[in-house]
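entry_36.tsv follows; it contains TSV, C-alpha atoms.
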chain	number	residue	atom	x	y	z
A	1	MET	CA	-206.71	-35.65	118.23
A	2	SER	CA	-207.10	-31.89	118.93
A	3	ILE	CA	-205.65	-29.49	116.39
A	4	SER	CA	-207.40	-26.35	117.63
A	5	SER	CA	-204.06	-24.56	117.99
A	6	SER	CA	-202.91	-25.31	114.44
A	7	ALA	CA	-206.06	-24.58	112.44
A	8	VAL	CA	-209.18	-22.39	112.31
A	9	LEU	CA	-212.48	-22.74	110.49
A	10	VAL	CA	-213.36	-20.46	107.59
A	11	SER	CA	-216.41	-20.18	105.36
A	12	LEU	CA	-216.54	-18.26	102.08
A	13	ASN	CA	-219.82	-17.36	100.39
A	14	ILE	CA	-219.86	-15.46	97.10
A	15	SER	CA	-223.18	-14.73	95.45
A	16	VAL	CA	-223.50	-13.59	91.84
A	17	TRP	CA	-226.72	-12.82	90.03
A	18	PRO	CA	-226.92	-15.33	87.14
A	19	ALA	CA	-228.89	-12.85	84.99
A	20	SER	CA	-230.42	-15.66	82.99
A	21	LYS	CA	-234.10	-16.26	82.41
A	22	LEU	CA	-236.17	-19.17	81.18
A	23	ASP	CA	-238.03	-18.07	78.06
A	24	ARG	CA	-241.07	-20.32	77.79
A	25	GLU	CA	-242.18	-18.92	74.44
A	26	ALA	CA	-238.77	-19.52	72.87
A	27	THR	CA	-238.67	-22.98	74.44
A	28	ASP	CA	-242.07	-23.86	72.96
A	29	GLN	CA	-240.99	-22.55	69.57
A	30	VAL	CA	-237.74	-24.57	69.56
A	31	THR	CA	-239.37	-27.85	70.64
A	32	THR	CA	-242.28	-27.36	68.23
A	33	ASN	CA	-239.99	-26.65	65.27
A	34	ALA	CA	-237.93	-29.71	66.18
A	35	GLY	CA	-241.02	-31.86	66.57
A	36	SER	CA	-239.75	-32.99	69.97
A	37	ASP	CA	-241.38	-33.59	73.31
A	38	PRO	CA	-242.03	-30.23	75.04
A	39	ARG	CA	-239.92	-31.46	77.94
A	40	ALA	CA	-236.89	-32.11	75.71
A	41	GLY	CA	-235.16	-28.89	76.64
A	42	LYS	CA	-235.34	-25.37	77.95
A	43	PHE	CA	-234.23	-22.11	76.42
A	44	MET	CA	-232.34	-19.92	78.90
A	45	LYS	CA	-231.58	-16.43	77.68
A	46	ASP	CA	-228.62	-14.32	78.80
A	47	LEU	CA	-230.08	-10.95	79.82
A	48	PHE	CA	-226.76	-9.22	79.10
A	49	ALA	CA	-225.67	-10.95	75.92
A	50	GLY	CA	-223.98	-7.79	74.67
A	51	THR	CA	-221.50	-7.31	77.52
A	52	SER	CA	-219.02	-9.26	79.63
A	53	LEU	CA	-219.32	-7.04	82.74
A	54	ARG	CA	-221.48	-9.49	84.71
A	55	LYS	CA	-219.60	-12.53	83.43
A	56	ASP	CA	-216.35	-10.96	84.61
A	57	ILE	CA	-217.76	-10.98	88.16
A	58	GLU	CA	-218.82	-14.61	87.76
A	59	LYS	CA	-215.38	-15.64	86.49
A	60	HIS	CA	-213.68	-13.86	89.40
A	61	ALA	CA	-216.00	-15.58	91.89
A	62	ALA	CA	-215.20	-18.98	90.37
A	63	HIS	CA	-211.47	-18.27	90.63
A	64	CYS	CA	-211.87	-17.26	94.28
A	65	ARG	CA	-213.74	-20.47	95.12
A	66	VAL	CA	-211.00	-22.58	93.52
A	67	LYS	CA	-208.27	-20.77	95.45
A	68	HIS	CA	-210.30	-21.02	98.68
A	69	LEU	CA	-210.39	-24.80	98.23
A	70	ARG	CA	-206.65	-24.87	97.55
A	71	TYR	CA	-205.83	-23.14	100.84
A	72	THR	CA	-208.24	-25.18	102.95
A	73	LEU	CA	-209.30	-28.71	103.85
A	74	PRO	CA	-212.82	-30.17	104.13
A	75	TRP	CA	-214.51	-30.02	107.51
A	76	ALA	CA	-218.27	-29.46	107.77
A	77	ASP	CA	-221.18	-30.12	105.45
A	78	LYS	CA	-222.50	-26.58	105.94
A	79	GLY	CA	-219.52	-25.01	104.22
A	80	GLU	CA	-216.90	-24.45	106.91
A	81	ARG	CA	-213.44	-25.62	105.93
A	82	LEU	CA	-210.23	-26.15	107.85
A	83	LEU	CA	-207.58	-23.46	107.39
A	84	PRO	CA	-204.12	-24.19	108.83
A	85	THR	CA	-202.92	-21.26	110.92
A	86	SER	CA	-199.63	-21.38	108.99
A	87	LEU	CA	-201.64	-20.32	105.92
A	88	PHE	CA	-203.78	-17.73	107.70
A	89	ILE	CA	-201.79	-14.66	106.60
A	90	ASP	CA	-201.62	-15.87	103.00
A	91	TYR	CA	-205.33	-16.68	103.01
A	92	LYS	CA	-206.29	-13.34	104.58
A	93	GLN	CA	-204.26	-11.48	101.95
A	94	PHE	CA	-205.91	-13.52	99.19
A	95	VAL	CA	-209.44	-13.00	100.50
A	96	ASN	CA	-208.95	-9.26	101.13
A	97	ASN	CA	-207.58	-8.71	97.62
A	98	SER	CA	-210.33	-10.87	96.14
A	99	GLU	CA	-213.05	-8.94	97.96
A	100	ARG	CA	-211.65	-5.61	96.73
A	101	GLN	CA	-211.53	-6.88	93.16
A	102	PHE	CA	-215.04	-8.35	93.47
A	103	ASN	CA	-216.42	-5.02	94.71
A	104	ALA	CA	-214.65	-3.13	91.93
A	105	LEU	CA	-216.10	-5.44	89.27
A	106	CYS	CA	-219.55	-5.10	90.81
A	107	ASP	CA	-219.25	-1.31	90.87
A	108	ASN	CA	-218.36	-1.32	87.16
A	109	PHE	CA	-221.47	-3.39	86.46
A	110	PHE	CA	-223.72	-1.23	88.65
A	111	ILE	CA	-222.50	2.00	87.04
A	112	ALA	CA	-223.12	0.57	83.56
A	113	TYR	CA	-226.48	-1.00	84.48
A	114	PRO	CA	-228.72	1.89	83.30
A	115	GLN	CA	-227.00	1.91	79.91
A	116	LEU	CA	-227.13	-1.89	79.73
A	117	LEU	CA	-230.90	-1.69	80.13
A	118	VAL	CA	-231.01	0.70	77.19
A	119	ASP	CA	-228.84	-1.62	75.08
A	120	ALA	CA	-230.62	-4.87	76.00
A	121	PRO	CA	-233.42	-4.64	73.38
A	122	THR	CA	-230.80	-4.26	70.65
A	123	HIS	CA	-228.93	-7.41	71.71
A	124	LEU	CA	-231.92	-9.62	72.59
A	125	ARG	CA	-234.38	-8.28	70.02
A	126	GLY	CA	-237.37	-10.64	70.02
A	127	LEU	CA	-236.27	-12.23	73.31
A	128	TYR	CA	-236.29	-8.93	75.20
A	129	LYS	CA	-238.79	-8.40	78.00
A	130	ALA	CA	-238.54	-5.35	80.24
A	131	ASP	CA	-239.97	-7.29	83.19
A	132	ASP	CA	-236.90	-9.55	83.23
A	133	TYR	CA	-234.78	-6.71	84.61
A	134	PRO	CA	-235.05	-5.74	88.30
A	135	ASP	CA	-234.21	-2.24	89.51
A	136	LEU	CA	-230.63	-1.41	90.46
A	137	ASP	CA	-231.17	-1.67	94.23
A	138	GLU	CA	-232.50	-5.20	93.83
A	139	VAL	CA	-229.59	-6.11	91.54
A	140	LYS	CA	-227.09	-4.94	94.15
A	141	ARG	CA	-228.67	-7.24	96.74
A	142	ARG	CA	-228.00	-10.23	94.47
A	143	PHE	CA	-224.24	-9.86	94.71
A	144	GLY	CA	-222.23	-10.53	97.85
A	145	PHE	CA	-218.81	-11.51	99.14
A	146	ARG	CA	-218.74	-12.82	102.72
A	147	TYR	CA	-216.21	-14.79	104.73
A	148	VAL	CA	-216.21	-15.79	108.38
A	149	PHE	CA	-213.43	-17.16	110.59
A	150	ALA	CA	-214.21	-19.26	113.64
A	151	PRO	CA	-212.04	-21.08	116.19
A	152	LEU	CA	-211.80	-24.84	115.88
A	153	PRO	CA	-213.30	-26.30	119.07
A	154	GLU	CA	-211.55	-28.91	121.17
A	155	SER	CA	-212.89	-32.41	120.59
A	156	GLY	CA	-213.86	-32.71	124.26
A	157	ASP	CA	-215.31	-29.21	124.61
A	158	PHE	CA	-219.02	-29.83	125.08
A	159	ARG	CA	-221.08	-27.71	127.49
A	160	LEU	CA	-224.77	-28.53	128.00
A	161	ASP	CA	-227.00	-28.59	131.04
A	162	VAL	CA	-228.16	-32.17	130.69
A	163	GLY	CA	-227.91	-35.33	132.74
A	164	ILE	CA	-224.52	-36.98	133.22
A	165	ALA	CA	-225.41	-40.05	131.12
A	166	GLU	CA	-226.76	-37.91	128.26
A	167	LEU	CA	-223.74	-35.61	128.43
A	168	GLU	CA	-221.31	-38.53	128.20
A	169	GLU	CA	-223.21	-39.88	125.21
A	170	LEU	CA	-223.10	-36.48	123.50
A	171	LYS	CA	-219.39	-36.11	124.24
A	172	HIS	CA	-218.70	-39.55	122.78
A	173	LYS	CA	-220.74	-38.78	119.65
A	174	TYR	CA	-219.06	-35.39	119.22
A	175	ALA	CA	-215.58	-36.86	119.69
A	176	SER	CA	-216.29	-39.59	117.13
A	177	ASP	CA	-217.61	-37.05	114.63
A	178	TYR	CA	-214.61	-34.80	115.28
A	179	ASP	CA	-212.19	-37.65	114.54
A	180	LEU	CA	-214.06	-38.56	111.35
A	181	ARG	CA	-213.97	-34.96	110.13
A	182	LEU	CA	-210.27	-34.72	110.88
A	183	ALA	CA	-209.62	-37.98	109.03
A	184	ASP	CA	-211.61	-36.69	106.03
A	185	ALA	CA	-209.66	-33.42	106.12
A	186	MET	CA	-206.33	-35.22	106.09
A	187	ARG	CA	-207.31	-37.46	103.18
A	188	GLU	CA	-207.38	-34.45	100.88
A	189	PRO	CA	-203.63	-33.65	101.00
A	190	TRP	CA	-202.95	-37.29	100.18
A	191	GLU	CA	-205.41	-37.11	97.28
A	192	ARG	CA	-203.81	-33.91	95.95
A	193	LEU	CA	-200.39	-35.53	96.10
A	194	HIS	CA	-201.63	-38.71	94.43
A	195	THR	CA	-203.26	-36.71	91.63
A	196	VAL	CA	-200.04	-34.82	90.89
A	197	LEU	CA	-197.90	-37.98	90.99
A	198	THR	CA	-200.17	-40.05	88.74
A	199	SER	CA	-200.42	-37.18	86.26
A	200	MET	CA	-196.63	-36.86	86.19
A	201	SER	CA	-196.13	-40.59	85.76
A	202	GLU	CA	-198.50	-40.64	82.81
A	203	LYS	CA	-196.98	-37.56	81.22
A	204	LEU	CA	-193.42	-38.83	81.60
A	205	THR	CA	-194.21	-42.17	79.94
A	206	ASP	CA	-192.73	-42.37	76.46
A	207	GLU	CA	-194.72	-44.51	74.05
A	208	PRO	CA	-192.67	-47.43	72.69
A	209	GLY	CA	-192.12	-47.54	68.94
A	210	GLU	CA	-193.34	-44.00	68.49
A	211	ASP	CA	-193.28	-43.11	64.78
A	212	ASP	CA	-192.58	-39.68	63.39
A	213	ASP	CA	-196.15	-39.19	62.16
A	214	LYS	CA	-197.64	-39.64	65.63
A	215	PRO	CA	-198.26	-36.37	67.53
A	216	LYS	CA	-195.58	-35.83	70.14
A	217	LYS	CA	-196.42	-35.20	73.76
A	218	ARG	CA	-196.22	-31.60	74.85
A	219	TYR	CA	-194.50	-30.76	78.10
A	220	HIS	CA	-195.51	-27.58	79.87
A	221	GLU	CA	-193.91	-25.69	82.73
A	222	THR	CA	-196.79	-26.81	84.96
A	223	LEU	CA	-195.30	-30.31	84.99
A	224	VAL	CA	-192.64	-28.85	87.27
A	225	THR	CA	-194.51	-26.00	88.97
A	226	ASN	CA	-197.55	-28.07	89.97
A	227	ALA	CA	-195.29	-30.46	91.86
A	228	THR	CA	-193.05	-27.84	93.46
A	229	ASP	CA	-195.99	-25.64	94.47
A	230	LEU	CA	-197.73	-28.61	96.05
A	231	CYS	CA	-194.61	-29.55	98.00
A	232	ALA	CA	-194.54	-26.05	99.50
A	233	LEU	CA	-198.27	-26.14	100.30
A	234	LEU	CA	-198.25	-29.60	101.87
A	235	THR	CA	-195.90	-28.47	104.64
A	236	LYS	CA	-198.73	-26.20	105.80
A	237	LEU	CA	-201.71	-28.42	105.04
A	238	ASN	CA	-200.28	-31.25	107.15
A	239	VAL	CA	-201.92	-29.92	110.31
A	240	THR	CA	-201.71	-33.27	112.14
A	241	GLY	CA	-198.02	-33.68	111.40
A	242	ASP	CA	-198.57	-36.96	109.54
A	243	PRO	CA	-195.02	-38.37	109.19
A	244	LYS	CA	-195.92	-40.52	106.17
A	245	LEU	CA	-197.34	-37.53	104.30
A	246	GLU	CA	-194.22	-35.53	105.10
A	247	GLU	CA	-192.02	-38.41	103.93
A	248	ALA	CA	-193.90	-38.62	100.62
A	249	ARG	CA	-193.72	-34.85	100.24
A	250	LYS	CA	-189.96	-34.82	100.83
A	251	GLN	CA	-189.42	-37.57	98.27
A	252	LEU	CA	-191.30	-35.58	95.64
A	253	GLU	CA	-189.38	-32.45	96.64
A	254	LEU	CA	-186.08	-34.31	96.12
A	255	THR	CA	-187.34	-35.66	92.80
A	256	MET	CA	-188.06	-32.13	91.60
A	257	LEU	CA	-184.78	-30.67	92.84
A	258	GLY	CA	-183.15	-28.92	89.89
A	259	ALA	CA	-185.89	-30.05	87.49
A	260	ASP	CA	-185.87	-28.11	84.23
A	261	ILE	CA	-188.73	-28.33	81.77
A	262	GLU	CA	-186.50	-27.79	78.73
A	263	ALA	CA	-184.25	-30.69	79.77
A	264	ILE	CA	-187.33	-32.84	80.36
A	265	LYS	CA	-188.61	-32.02	76.88
A	266	GLU	CA	-185.33	-32.89	75.17
A	267	SER	CA	-184.07	-35.91	77.13
A	268	PRO	CA	-185.81	-39.29	77.22
A	269	ALA	CA	-183.26	-40.37	79.84
A	270	ILE	CA	-184.26	-37.52	82.18
A	271	ARG	CA	-187.94	-38.33	81.68
A	272	GLU	CA	-187.30	-41.99	82.41
A	273	SER	CA	-185.32	-41.18	85.56
A	274	MET	CA	-187.94	-38.80	86.88
A	275	LYS	CA	-190.76	-41.22	86.10
A	276	SER	CA	-188.92	-43.98	87.96
A	277	LYS	CA	-188.69	-41.79	91.08
A	278	VAL	CA	-192.32	-40.74	90.82
A	279	ASP	CA	-193.48	-44.34	90.42
A	280	ALA	CA	-191.37	-45.35	93.42
A	281	ILE	CA	-193.30	-42.84	95.55
A	282	LEU	CA	-196.59	-44.15	94.21
A	283	ASP	CA	-195.56	-47.73	94.98
A	284	LYS	CA	-194.27	-47.01	98.47
A	285	PHE	CA	-197.33	-45.49	100.13
A	286	ASN	CA	-200.78	-46.83	100.81
A	287	TRP	CA	-202.99	-44.44	98.87

Now, as a test, write the supplied structure out as structure tokens.
Amino acid sequence: MSISSSAVLVSLNISVWPASKLDREATDQVTTNAGSDPRAGKFMKDLFAGTSLRKDIEKHAAHCRVKHLRYTLPWADKGERLLPTSLFIDYKQFVNNSERQFNALCDNFFIAYPQLLVDAPTHLRGLYKADDYPDLDEVKRRFGFRYVFAPLPESGDFRLDVGIAELEELKHKYASDYDLRLADAMREPWERLHTVLTSMSEKLTDEPGEDDDKPKKRYHETLVTNATDLCALLTKLNVTGDPKLEEARKQLELTMLGADIEAIKESPAIRESMKSKVDAILDKFNW
């Protein structure tokens, strides 16, 4: 099946300098004092233990990677992922904002870097080594935010100047691989839906004979928002128009219609009713 008109490929690569260093002397001291095998562990020191400026960049990068995975579906081993064209504008806005924030955080770190070098001996004391710290130009090269969009090729689009027999074999192999990648991509929306449903079913299960001393379950707004947000996203991730996935999505959407977390917290009857509907979806489809 060709979906080149309903999806594009996108790769996102964010590099962040870890700013950690193996300290062999400290490692030897720790293992010797413990009387352990020298290979029992390694001591990694944080070169900027006295500031969160670099860690803020790392946290932002991690958040971006998670959101990138949310918007996209798996496609290639080398890092390209499938982005539905219906999500392209949302994704582009996300990645543009994320790049601006990444650059701003990096600039804050780069501006502070000379002072951080001055402060490092105070924070690391006996672990400090001046040679652990590269110059600022080298540090800047260790951070990067790059993304690339590419068209999704047609499954039969294969141009090579080879013999007819070889070309047919290559076309067949490419088409088979294309179908496998597409099948893998479309398994992920099902898995996301299954994860949300099973989590809801478990959370909505009231323990029989619960006594007053037993900690009560806590119900958070995410019980509702995770499901409703996924319902909205699945309409765009379903790039093949899988009718079964859409049916399951609609059933969850109907289940969550008018759902109120405060009512769920207070009413065992509402929890039981919602759990029954969720379990019915789980039972109906071949996961």

Next on the checklist: Is it possible to get the residues within 10 Å of (-218.9, -23.2, 107.0) (coordinates as in the file, counting all atoms listed in the file) written as a list in words?
Outcome noted: Leu9, Val10, Ser11, Leu12, Asn13, Pro74, Trp75, Ala76, Asp77, Lys78, Gly79, Glu80, Arg81, Leu82, Tyr147, Val148, Phe149 and Ala150 of chain A

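Note that the spacing between CA of Lys217 (chain A) and CA of Arg249 (chain A) amounts to 26.6 Å.
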
Work out how far apart CA of Lys244 (chain A) and CA of Arg181 (chain A) are and give it in Å to one decimal.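 Distance reported for this atom pair: 19.3 Å.
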
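Checking A:Asp119, A:Glu262, A:Glu272, A:Glu246 one by one against Asp206 (chain A), counting all atoms listed in the file, you find the shortest gap at A:Glu272.
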
Q) Met200 (chain A): which residues within 8 Å, counting only C-alpha atoms, same-chain residues fewer than 6 positions away excluded, as a PyMOL selection string? A) chain A and resi 223+275+278

Fill in: Pick from A:Asp260, A:Asp28, A:Asp90, A:Glu99, whichever lies nearest to Phe145 (chain A) using all atoms listed in the file
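For Phe145 (chain A), the nearest of the given residues is A:Glu99.
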
- Task: Up to 10 Å from (-233.7, -1.3, 76.5) in the file's coordinates: name the residues, counting only C-alpha atoms, as a ChimeraX atom specification.
- Result: /A:114-125,128-130,133

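If you count all atoms listed in the file and ignore residues fewer than 3 places along the chain from Arg142 (chain A), what sits within 7 Å of it is Ser15, Val16, Trp17, Glu138 and Val139 of chain A.
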
Restricting to only C-alpha atoms, whichever of A:Ser273, A:Gln251, A:Thr205, A:Thr240 is closest to Leu193 (chain A) is A:Gln251

Pick from A:Thr235, A:Asn226, A:Ser276, A:Thr27 nearest to Glu202 (chain A), counting all atoms listed in the file: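 Between A:Thr235, A:Asn226, A:Ser276, A:Thr27, the residue approaching Glu202 (chain A) most closely is A:Ser276.
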
query: In Å, with one decimal, what is the gap from CA of Asp177 (chain A) to CA of Leu245 (chain A)?
result: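 Between CA of Asp177 (chain A) and CA of Leu245 (chain A) the gap is 22.8 Å.
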
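Minimum atom-to-atom distances from A:Ala183, A:Arg146, A:Ile89, A:Trp190 to Glu247 (chain A) were compared using all atoms listed in the file, and the lowest value belongs to A:Trp190.
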
Skip Glu191 (chain A) itself and residues of its chain fewer than 4 positions away, then list as a count of residues only all residues within 8 Å of it, counting all atoms listed in the file. 3

From the list A:Arg271, A:Lys236, A:Lys55, A:Lys277, which residue is nearest Thr85 (chain A) when using only C-alpha atoms?
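Using only C-alpha atoms, Thr85 (chain A) sits closest to A:Lys236.
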